[in-house]
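Step one of this worksheet: look at the structure below.
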Amino acid sequence: MAITMRQVGPCFAAEVEGLDLRKPLTKDAVAAVHDGMDKYAVLVFHDQRITDEQQLAFTQSLGDIEHAIGTSLRPLTDQRLPSTFADVSNLDKDHKVFARDDRPRLFGLGNRLWHSDSSFKVVPAKYSLLSARSIPSKGGNTEYADMRAGYDTLDDEIKAEVDGLVCEHSQIFSRSILGFTDFTDEERARFKPVRQCLVRTHPVTKRRSLYLSSHAGGIVGWPVPEARSFLRDLVEHATQRQFVYAHKWAVGDLVMWDNRQTMHRARPFPPHEPRDMRRTTLMGDGPTAEQVAA
Ligand SMILES: [Fe+2]
């Protein structure tokens with residue numbers, strides 16, 4: 001069966017047909033998926049009732065995996081999934097829904113702000129692949145914003161201003177926006193800011209995009225309030241509805257996105273209902289900016 005891609009978003013995002021993610025991909029299929037990602041940046045695969053092993057195999061056929069180690073507040077003794085998965089569900093290791101005031105849950109609510117996965121890591125993520133195993137009765141959409149469109153539609157003065165800027169990213173910044181500030185010394189050390197360039201150029205298409213994220217809490221060389229208000233304006237510009245695709249999940253959907261070219265955010269849903277979403281992540285090629293010694 002031929003692989004087809006049909007655009008579903010206003011300016012990007014496509015649904016893919018003709019692939020069974022339970023089976024190994026041919027070399028041509030791998031190339032087609034990468035080509036689709038370069039073009040659309042978000043690909044939607046419906047009716048993929050896959051196991052963890054199949055999700056992992058599909059992910060690894062596309063590149064090197066990023067492990068989820070030390071990036072959440074789930075204690076090591078309460079891990080539901082191995083480190084090859086980022087557990088973005090609301091479930092503990094016994095598959096029970098987190099209490100509303102559960103600390104790892106409240107930390108995880110940072111995913112409801114626009115962000116790019118792992119922008120707080122020196123080598124940030126390339127693709128994320130999210131598989132819906134169970135979904136709430138309402139809400140819980142994931143929204144995606146096209147950061148190429150965000151860049152392309154800046155006026156020339158702002159394009160000149162963002163050129164060459166470097167931001168500091170940390171989960172401490174994104175969580176503090178929601179009033180989550182009670183980090184331990186160990187967590188503050190673990191979530192030390194990293195540097196990321198503000199404008200990225202795609203290695204294949206050469207398209208430029210804004211590399212924004214709620215994790216960005218400063219611009220190197222700028223006073224903090226000025227940097228944050230500037231970044232806030234850029235996020236507001238880049239997430240206008242005409243640049244946003246909202247994905248309404250069905251069980252069996254797998255959505256893959258390019259973190260280099262998009263931002264995303266989770267939308268709220270009833271807190272007592274289970275939402276089992278499992279993410280695998282591909283590592284990026286390298287740092288986007290030079291780091292400074294601690
Ligand atoms: Fe995310």
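A note on labels: chains of the structure tokens are A, B, ... as shown, every chain counts residues from 1, and ligands are counted from 1 in their shown order.
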
Sorted by chain and rising residue number, list the residues of chain A at most 7 Å from ligand 1 (counting only C-alpha atoms and all ligand atoms), each with its closest atom pair and distance in Å to one decimal, as JSON lines.
```
{"residue": "A:Asn111", "atom": "CA", "partner": "ligand 1", "partner_atom_place_in_ligand_line": "1 (Fe)", "distance": 5.6}
{"residue": "A:His115", "atom": "CA", "partner": "ligand 1", "partner_atom_place_in_ligand_line": "1 (Fe)", "distance": 6.4}
{"residue": "A:Ser116", "atom": "CA", "partner": "ligand 1", "partner_atom_place_in_ligand_line": "1 (Fe)", "distance": 6.2}
{"residue": "A:Asp117", "atom": "CA", "partner": "ligand 1", "partner_atom_place_in_ligand_line": "1 (Fe)", "distance": 4.8}
{"residue": "A:His264", "atom": "CA", "partner": "ligand 1", "partner_atom_place_in_ligand_line": "1 (Fe)", "distance": 6.4}
{"residue": "A:Arg265", "atom": "CA", "partner": "ligand 1", "partner_atom_place_in_ligand_line": "1 (Fe)", "distance": 6.4}
```

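Residues surrounding A:His46 within 9 Å are Glu15, Val16, Glu17, Ala250, Val251, Gly252, Asp253, Leu254 and Val255 of chain A [only C-alpha atoms; sequence separation below 4 positions excluded].
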
Just to be explicit: take each residue in the selection above, keep C-alpha atoms, and write the result as a tab-separated table (two decimals), in the first residue's frame.
```
chain	number	residue	atom	x	y	z
A	15	GLU	CA	-2.41	12.62	8.26
A	16	VAL	CA	-0.46	9.61	7.05
A	17	GLU	CA	-2.05	6.55	5.52
A	250	ALA	CA	-8.64	8.99	19.57
A	251	VAL	CA	-7.25	5.82	21.17
A	252	GLY	CA	-4.72	4.36	18.73
A	253	ASP	CA	-3.54	7.72	17.40
A	254	LEU	CA	0.17	8.34	17.23
A	255	VAL	CA	1.30	11.89	16.55
```

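The space between atom CA of A:Val220 and atom CA of A:Thr288 spans 14.0 Å.
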
Please produce, as CSV, a per-residue contact table for stretch 54-140 of chain A versus stretch 189-210 of chain A (criterion: any atom at most 7 Å away, only C-alpha atoms considered), showing the nearest atom pair and its distance in Å to one decimal, sorted by chain then residue number.
```
residue,atom,partner,partner_atom,distance
A:Phe120,CA,A:Val194,CA,6.0
A:Lys121,CA,A:Val194,CA,6.4
A:Val122,CA,A:Val194,CA,5.8
```

Distance criterion (only C-alpha atoms): nearest to A:Pro270 out of A:Phe45, A:Phe107, A:Tyr40, A:Phe98: A:Phe98

A:Leu129 environment, 12 Å, only C-alpha atoms, sequence neighbours closer than 4 positions dropped, as a PyMOL selection string: chain A and resi 21+37+41-45+52+55-60+62+65-66+84-88+117+125+253-259+277-283

Print the selection's residues with N, CA and C atoms to a file, as a compact mmCIF listing (two decimals), in the first residue's frame.
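In the end it all went to selection_8.txt:
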```
# COMPACT_ATOMS: atom_id res chain seq x y z
N LEU A 21 2.39 0.64 11.86
CA LEU A 21 3.53 0.86 12.75
C LEU A 21 3.85 -0.37 13.60
N MET A 37 8.13 14.69 7.60
CA MET A 37 8.42 15.52 8.77
C MET A 37 9.08 16.83 8.35
N ALA A 41 6.15 18.84 9.48
CA ALA A 41 6.60 19.01 10.88
C ALA A 41 5.70 18.32 11.91
N VAL A 42 4.46 17.98 11.56
CA VAL A 42 3.60 17.18 12.43
C VAL A 42 2.92 16.11 11.56
N LEU A 43 3.07 14.85 11.93
CA LEU A 43 2.42 13.76 11.20
C LEU A 43 1.50 13.00 12.15
N VAL A 44 0.30 12.70 11.65
CA VAL A 44 -0.71 12.01 12.45
C VAL A 44 -0.94 10.62 11.85
N PHE A 45 -0.82 9.59 12.69
CA PHE A 45 -1.09 8.21 12.26
C PHE A 45 -2.29 7.71 13.07
N ASP A 52 4.33 -1.08 23.55
CA ASP A 52 5.53 -0.28 23.84
C ASP A 52 6.70 -0.71 22.96
N GLN A 55 6.28 0.65 19.48
CA GLN A 55 6.53 2.10 19.45
C GLN A 55 8.03 2.37 19.48
N LEU A 56 8.71 1.63 20.34
CA LEU A 56 10.16 1.81 20.47
C LEU A 56 10.86 1.43 19.16
N ALA A 57 10.45 0.32 18.57
CA ALA A 57 11.09 -0.14 17.33
C ALA A 57 10.86 0.88 16.21
N PHE A 58 9.64 1.41 16.11
CA PHE A 58 9.35 2.41 15.09
C PHE A 58 10.22 3.66 15.32
N THR A 59 10.29 4.09 16.57
CA THR A 59 11.08 5.28 16.89
C THR A 59 12.55 5.06 16.52
N GLN A 60 13.08 3.92 16.91
CA GLN A 60 14.51 3.66 16.67
C GLN A 60 14.82 3.46 15.20
N LEU A 62 13.92 5.46 13.10
CA LEU A 62 14.06 6.84 12.58
C LEU A 62 15.29 7.56 13.12
N ILE A 65 17.47 7.33 20.12
CA ILE A 65 16.47 7.68 21.12
C ILE A 65 17.05 8.58 22.22
N GLU A 66 16.20 9.48 22.73
CA GLU A 66 16.55 10.29 23.90
C GLU A 66 15.92 9.63 25.12
N THR A 84 13.25 4.65 28.27
CA THR A 84 13.09 4.84 26.84
C THR A 84 11.78 5.57 26.53
N PHE A 85 10.93 5.73 27.55
CA PHE A 85 9.66 6.45 27.39
C PHE A 85 9.61 7.64 28.33
N ALA A 86 9.01 8.73 27.86
CA ALA A 86 8.63 9.82 28.76
C ALA A 86 7.16 9.56 29.11
N ASP A 87 6.91 9.37 30.38
CA ASP A 87 5.55 9.04 30.80
C ASP A 87 4.78 10.34 31.00
N VAL A 88 4.00 10.72 30.01
CA VAL A 88 3.25 11.97 30.12
C VAL A 88 1.78 11.69 30.47
N ASP A 117 9.82 20.11 23.31
CA ASP A 117 10.31 19.09 24.25
C ASP A 117 11.83 19.14 24.41
N ALA A 125 15.57 17.80 21.95
CA ALA A 125 14.93 16.72 21.18
C ALA A 125 14.74 17.09 19.71
N ASP A 253 -4.27 6.69 18.14
CA ASP A 253 -3.54 7.72 17.40
C ASP A 253 -2.09 7.76 17.85
N LEU A 254 -1.21 7.99 16.90
CA LEU A 254 0.17 8.34 17.23
C LEU A 254 0.47 9.62 16.47
N VAL A 255 0.92 10.63 17.20
CA VAL A 255 1.30 11.89 16.55
C VAL A 255 2.79 12.10 16.75
N MET A 256 3.44 12.44 15.67
CA MET A 256 4.88 12.68 15.71
C MET A 256 5.13 14.13 15.30
N TRP A 257 5.96 14.84 16.06
CA TRP A 257 6.24 16.23 15.70
C TRP A 257 7.72 16.53 15.78
N ASP A 258 8.10 17.55 15.05
CA ASP A 258 9.49 17.99 15.01
C ASP A 258 9.64 19.16 15.97
N ASN A 259 10.35 18.93 17.07
CA ASN A 259 10.52 19.97 18.08
C ASN A 259 11.38 21.13 17.62
N MET A 277 -0.82 8.49 27.96
CA MET A 277 -0.10 8.88 26.75
C MET A 277 1.37 8.51 26.95
N ARG A 278 1.95 7.89 25.95
CA ARG A 278 3.34 7.42 26.08
C ARG A 278 4.18 8.03 24.97
N ARG A 279 5.26 8.69 25.40
CA ARG A 279 6.08 9.42 24.43
C ARG A 279 7.45 8.78 24.29
N THR A 280 7.84 8.55 23.06
CA THR A 280 9.24 8.26 22.77
C THR A 280 9.80 9.49 22.07
N THR A 281 11.12 9.66 22.17
CA THR A 281 11.73 10.90 21.71
C THR A 281 13.03 10.59 20.99
N LEU A 282 13.26 11.31 19.90
CA LEU A 282 14.53 11.18 19.20
C LEU A 282 15.45 12.33 19.57
N MET A 283 16.70 12.01 19.78
CA MET A 283 17.70 13.04 20.13
C MET A 283 17.98 13.95 18.95
```

Residues within 10 Å of A:Gly139, only C-alpha atoms, excluding chain neighbours under 2 positions, as a PyMOL selection string: chain A and resi 135-137+141-142+248-249+266-270

Keeping N, CA, C and O atoms for every residue in the selection just given, could you write it to a file as a PDB file, in the first residue's frame?
```pdb
ATOM      1  N   ILE A 135      -7.801   7.771  26.767  1.00  0.00           N
ATOM      2  CA  ILE A 135      -8.029   9.216  26.731  1.00  0.00           C
ATOM      3  C   ILE A 135      -9.213   9.588  27.613  1.00  0.00           C
ATOM      4  O   ILE A 135     -10.089   8.749  27.848  1.00  0.00           O
ATOM      5  N   PRO A 136      -9.238  10.827  28.093  1.00  0.00           N
ATOM      6  CA  PRO A 136     -10.370  11.255  28.921  1.00  0.00           C
ATOM      7  C   PRO A 136     -11.638  11.452  28.086  1.00  0.00           C
ATOM      8  O   PRO A 136     -11.582  11.470  26.854  1.00  0.00           O
ATOM      9  N   SER A 137     -12.756  11.619  28.771  1.00  0.00           N
ATOM     10  CA  SER A 137     -14.041  11.737  28.067  1.00  0.00           C
ATOM     11  C   SER A 137     -14.157  13.051  27.306  1.00  0.00           C
ATOM     12  O   SER A 137     -14.925  13.178  26.361  1.00  0.00           O
ATOM     13  N   ASN A 141      -6.878  17.818  24.284  1.00  0.00           N
ATOM     14  CA  ASN A 141      -6.269  17.986  22.962  1.00  0.00           C
ATOM     15  C   ASN A 141      -4.792  18.359  23.108  1.00  0.00           C
ATOM     16  O   ASN A 141      -4.383  18.894  24.142  1.00  0.00           O
ATOM     17  N   THR A 142      -4.037  18.116  22.063  1.00  0.00           N
ATOM     18  CA  THR A 142      -2.690  18.687  21.984  1.00  0.00           C
ATOM     19  C   THR A 142      -2.685  19.678  20.828  1.00  0.00           C
ATOM     20  O   THR A 142      -3.168  19.355  19.738  1.00  0.00           O
ATOM     21  N   LYS A 248      -7.334  16.435  18.192  1.00  0.00           N
ATOM     22  CA  LYS A 248      -8.297  15.791  19.096  1.00  0.00           C
ATOM     23  C   LYS A 248      -7.997  14.299  19.055  1.00  0.00           C
ATOM     24  O   LYS A 248      -8.119  13.657  18.008  1.00  0.00           O
ATOM     25  N   TRP A 249      -7.599  13.756  20.189  1.00  0.00           N
ATOM     26  CA  TRP A 249      -7.089  12.386  20.227  1.00  0.00           C
ATOM     27  C   TRP A 249      -8.190  11.333  20.146  1.00  0.00           C
ATOM     28  O   TRP A 249      -9.276  11.512  20.706  1.00  0.00           O
ATOM     29  N   ALA A 266      -0.410  20.804  25.875  1.00  0.00           N
ATOM     30  CA  ALA A 266      -1.552  19.944  26.201  1.00  0.00           C
ATOM     31  C   ALA A 266      -2.666  20.826  26.720  1.00  0.00           C
ATOM     32  O   ALA A 266      -2.420  21.851  27.345  1.00  0.00           O
ATOM     33  N   ARG A 267      -3.899  20.446  26.474  1.00  0.00           N
ATOM     34  CA  ARG A 267      -5.063  21.186  26.968  1.00  0.00           C
ATOM     35  C   ARG A 267      -5.689  20.437  28.144  1.00  0.00           C
ATOM     36  O   ARG A 267      -5.544  19.216  28.257  1.00  0.00           O
ATOM     37  N   PRO A 268      -6.378  21.166  29.011  1.00  0.00           N
ATOM     38  CA  PRO A 268      -6.914  20.541  30.229  1.00  0.00           C
ATOM     39  C   PRO A 268      -7.973  19.474  29.947  1.00  0.00           C
ATOM     40  O   PRO A 268      -8.576  19.438  28.867  1.00  0.00           O
ATOM     41  N   PHE A 269      -8.194  18.632  30.945  1.00  0.00           N
ATOM     42  CA  PHE A 269      -9.219  17.579  30.891  1.00  0.00           C
ATOM     43  C   PHE A 269      -9.601  17.265  32.335  1.00  0.00           C
ATOM     44  O   PHE A 269      -8.905  17.683  33.263  1.00  0.00           O
ATOM     45  N   PRO A 270     -10.706  16.540  32.575  1.00  0.00           N
ATOM     46  CA  PRO A 270     -11.126  16.267  33.958  1.00  0.00           C
ATOM     47  C   PRO A 270     -10.011  15.560  34.737  1.00  0.00           C
ATOM     48  O   PRO A 270      -9.530  14.507  34.300  1.00  0.00           O
TER      49      PRO A 270
END
```

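Taking only stretch 47-197 of chain A, the residues that DSSP calls strand (DSSP E) from the backbone come to Ala86, Asp87, Ala125, Lys126, Tyr127, Ser128, Leu129, Leu130, Ser131, Ala132, Arg133, Ser134, Thr142, Glu143, Tyr144, Ala145, Asp146, Val166, Cys167, Glu168, His169, Val194, Arg195, Gln196 and Cys197 of chain A.
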
Let's have the selection written as a short mmCIF file (atom, residue, chain, number, x, y, z; two decimals), in the first residue's frame, with N, CA and C atoms.
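Result saved to out-v3.cif:
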```cif
data_model
loop_
_atom_site.label_atom_id
_atom_site.label_comp_id
_atom_site.auth_asym_id
_atom_site.auth_seq_id
_atom_site.Cartn_x
_atom_site.Cartn_y
_atom_site.Cartn_z
N ALA A 86 9.01 8.73 27.86
CA ALA A 86 8.63 9.82 28.76
C ALA A 86 7.16 9.56 29.11
N ASP A 87 6.91 9.37 30.38
CA ASP A 87 5.55 9.04 30.80
C ASP A 87 4.78 10.34 31.00
N ALA A 125 15.57 17.80 21.95
CA ALA A 125 14.93 16.72 21.18
C ALA A 125 14.74 17.09 19.71
N LYS A 126 14.77 16.07 18.88
CA LYS A 126 14.42 16.22 17.46
C LYS A 126 12.92 15.92 17.31
N TYR A 127 12.54 14.66 17.21
CA TYR A 127 11.13 14.32 17.09
C TYR A 127 10.59 13.80 18.43
N SER A 128 9.31 14.02 18.66
CA SER A 128 8.59 13.35 19.73
C SER A 128 7.48 12.53 19.09
N LEU A 129 7.23 11.34 19.66
CA LEU A 129 6.17 10.46 19.15
C LEU A 129 5.26 10.12 20.32
N LEU A 130 4.01 10.54 20.21
CA LEU A 130 3.08 10.37 21.33
C LEU A 130 1.96 9.43 20.93
N SER A 131 1.81 8.37 21.72
CA SER A 131 0.83 7.33 21.43
C SER A 131 -0.28 7.39 22.47
N ALA A 132 -1.52 7.43 22.01
CA ALA A 132 -2.67 7.52 22.92
C ALA A 132 -3.18 6.13 23.23
N ARG A 133 -3.00 5.71 24.50
CA ARG A 133 -3.45 4.38 24.91
C ARG A 133 -4.82 4.47 25.60
N SER A 134 -5.06 5.54 26.37
CA SER A 134 -6.41 5.80 26.85
C SER A 134 -6.58 7.31 26.98
N THR A 142 -4.04 18.12 22.06
CA THR A 142 -2.69 18.69 21.98
C THR A 142 -2.68 19.68 20.83
N GLU A 143 -2.18 20.87 21.09
CA GLU A 143 -2.12 21.89 20.05
C GLU A 143 -0.67 22.08 19.60
N TYR A 144 -0.53 22.30 18.30
CA TYR A 144 0.80 22.48 17.71
C TYR A 144 0.84 23.82 16.98
N ALA A 145 1.97 24.52 17.12
CA ALA A 145 2.14 25.79 16.41
C ALA A 145 3.36 25.69 15.50
N ASP A 146 3.20 26.19 14.30
CA ASP A 146 4.26 26.12 13.29
C ASP A 146 5.22 27.29 13.46
N VAL A 166 20.60 34.38 21.87
CA VAL A 166 20.69 33.09 22.56
C VAL A 166 19.85 33.18 23.84
N CYS A 167 19.02 32.16 24.07
CA CYS A 167 18.14 32.15 25.25
C CYS A 167 18.62 31.13 26.28
N GLU A 168 18.16 31.35 27.51
CA GLU A 168 18.43 30.39 28.58
C GLU A 168 17.14 29.64 28.90
N HIS A 169 17.23 28.31 28.87
CA HIS A 169 16.05 27.46 29.07
C HIS A 169 16.21 26.60 30.32
N VAL A 194 20.19 25.92 30.35
CA VAL A 194 21.07 25.67 29.21
C VAL A 194 20.79 26.75 28.15
N ARG A 195 21.70 26.86 27.21
CA ARG A 195 21.56 27.90 26.18
C ARG A 195 21.07 27.31 24.85
N GLN A 196 20.15 28.03 24.24
CA GLN A 196 19.63 27.64 22.92
C GLN A 196 19.53 28.88 22.05
N CYS A 197 19.89 28.74 20.77
CA CYS A 197 19.73 29.88 19.86
C CYS A 197 18.23 30.13 19.66
#
```

Which parts of stretch 43-261 of chain A does DSSP call helix (DSSP H, G or I) when run on the backbone here, written out as a VMD selection string? chain A and resid 52 to 60 76 to 78 103 to 112 147 to 152 156 to 162 171 to 177 185 to 190 224 to 238 241 to 243

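With distances restricted to only C-alpha atoms, A:Gly140 is the closest residue to A:His247 from A:Arg148, A:Ser83, A:Arg112, A:Gly140.
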
A:Leu19: which residues within 9 Å, counting only C-alpha atoms, same-chain residues fewer than 4 positions away excluded, as a PyMOL selection string? chain A and resi 1-4+23+25+29+45
